[in-house]
Amino acid sequence: MGIAMEAPTWPAITPDEAAAVLARFPTVGRIEGLRWHSPRPFSAATLIDTTHGAVVLKRHDRRVRDVAGLVEEHRFIAHLTEAGTPVPAVLRTADGASVVALGDWTYELHGQGAGHDLYRDRPSWTPFRSRDHAYAAGVALARLHQASVGYDAPARGVQPLVASFGILPVADPLAAAEAYVAARPALGAFLAGRAWRRELAALFAASGVGLATILADQPPLWTHNDWHPSNLLWSDDGTVETVFDFGLADRSCAVHDLAIAIERTAIAWLRLGQGADDAIADPPAARSLIAGYASVLPLGPGAIDAVVRLLPLVHLEFAMSEVAYFAGILGDTASASLAWDGYLLGHADWFRSAPGRDFLARLGAGGGAR
């Protein structure tokens, strides 16, 4: 949410806690040590060395991810695995379960993915190190989309921290947003004192006119929805070796996922408001990502236009889910306000600024040029 480091929301996984969970997984072996703890904010995770190799244990508050919510992700991962996508293995207990529920927590255990975690020490949603990395990420995203074809599970149920796709594709996005809020009481309570309908109506009037018609032509597809370099493991030659973290995955469409990838990686959002708002965007990085994608799945002018049209609002539903998380799960109204004002409204406002309009224009004009 900013450039300063913050203390973790969720307590670190302890050795005794890890041992109690891993005891349910007969193929894992004995724990030799907890090598590293993730600084990610929405859950706790640790890399564990065992006598049978390294594994990643991830723990969630059950209000954020219950068993059913994690199984949704694991089924998608299983489909991608069968289709040849390089994703870490989802490990199973002796009775075949992929999720362990203990008290207020749910746990999932993954094998360690192949490749180097080159972006481990960088905040999420920060740019690629190079144009080559952007291109390679575009290639990998297209291959994931190819692998996703045929996975026809319905959209995920209502839960925090999912990049769903139920507002922008409909003819009356404000009515869809009202339904979204009504299904999330904590979000509704937070917004009760705000003119949120007027704020969203202004966004839809400025950036959403005609968007539903454009999106109606896009085939539905299960997508990653959090494509940034720290969710990728990298080979020595700079290609993507493993894709992980499907916590935001849901049924959307390919151009939605591609727009999210650009929004996450080609704009240095953490520098917004730091005095150089006209220099936070990197159109060549965005074009490199598109070029990598198009080298696998060619993109026509209509697809490029859809991506450009989506970009100012593509973060909308995840931002709303963040507000619900901060207000409802953590009771943190300051962070909920930052998510609404700084993230949801602030990012959309930037796209209407001169630098934002220039970025969109250059992206549209540049097409898939690397």
# chains A, B, ... in the order shown; residues from 1 in each chain; ligands from 1

call {"tool": "closest_atom_pairs", "arguments": {"of": "region 291-359 of chain A", "to": "region 145-151 of chain A", "cutoff": "10 Å", "atoms": "only C-alpha atoms", "output": "CSV"}}
result
residue,atom,partner,partner_atom,distance
A:Tyr293,CA,A:His145,CA,9.8
A:Val296,CA,A:Gln146,CA,9.0
A:Leu297,CA,A:Gln146,CA,8.3

call {"tool": "select_by_dssp", "arguments": {"residues": "region 144-296 of chain A", "states": "strand (DSSP E or B)", "output": "VMD selection string"}}
result
chain A and resid 220 to 223 232 to 234 240 to 243 250 to 253 267 281

call {"tool": "select_by_dssp", "arguments": {"residues": "region 242-289 of chain A", "states": "helix (DSSP H, G or I)", "output": "PyMOL selection string"}}
result
chain A and resi 254-265+269-271+277-279+283-289

call {"tool": "closest_residue", "arguments": {"among": "A:Arg309, A:Arg24, A:Arg35, A:Arg92", "to": "His256 (chain A)", "atoms": "only C-alpha atoms"}}
result
A:Arg309

call {"tool": "closest_atom_pairs", "arguments": {"of": "region 104-174 of chain A", "to": "region 243-246 of chain A", "cutoff": "9 Å", "atoms": "only C-alpha atoms", "output": "CSV"}}
result
residue,atom,partner,partner_atom,distance
A:Gly113,CA,A:Phe244,CA,8.1
A:Ala140,CA,A:Val243,CA,8.3
A:Leu144,CA,A:Val243,CA,8.9

call {"tool": "closest_atom_pairs", "arguments": {"of": "region 105-207 of chain A", "to": "region 42-56 of chain A", "cutoff": "9 Å", "atoms": "only C-alpha atoms", "output": "CSV"}}
result
residue,atom,partner,partner_atom,distance
A:Glu108,CA,A:Val56,CA,8.3
A:Leu109,CA,A:Val56,CA,5.7
A:His110,CA,A:Val56,CA,5.1
A:Gly111,CA,A:Val55,CA,4.6
A:Gln112,CA,A:Val55,CA,5.1
A:Gly113,CA,A:Val55,CA,8.8
A:Leu161,CA,A:Phe42,CA,8.4

call {"tool": "write_last_selection", "arguments": {"atoms": "N, CA and C atoms", "output": "compact mmCIF listing (two decimals), in the first residue's frame"}}
result
# COMPACT_ATOMS: atom_id res chain seq x y z
N GLU A 108 -2.33 -24.90 3.24
CA GLU A 108 -2.06 -25.62 2.00
C GLU A 108 -0.56 -25.81 1.89
N LEU A 109 -0.17 -26.92 1.28
CA LEU A 109 1.24 -27.26 1.18
C LEU A 109 1.59 -27.51 -0.27
N HIS A 110 2.65 -26.87 -0.73
CA HIS A 110 3.09 -26.97 -2.13
C HIS A 110 4.53 -27.43 -2.19
N GLY A 111 4.86 -28.14 -3.24
CA GLY A 111 6.25 -28.41 -3.53
C GLY A 111 6.96 -27.13 -3.96
N GLN A 112 8.26 -27.10 -3.80
CA GLN A 112 9.03 -25.93 -4.23
C GLN A 112 9.11 -25.92 -5.75
N GLY A 113 8.78 -24.79 -6.36
CA GLY A 113 8.84 -24.69 -7.81
C GLY A 113 10.27 -24.55 -8.30
N LEU A 161 -10.56 -10.91 -1.31
CA LEU A 161 -9.29 -10.99 -2.03
C LEU A 161 -9.33 -11.93 -3.23

call {"tool": "residues_around", "arguments": {"residues": "region 222-232 of chain A", "least_positions_apart": "4", "cutoff": "7 Å", "atoms": "only C-alpha atoms", "output": "ChimeraX atom specification"}}
result
/A:119-120,124-125,128,145,148,151,163,240,242-246,248-254,257,260-261,264-265
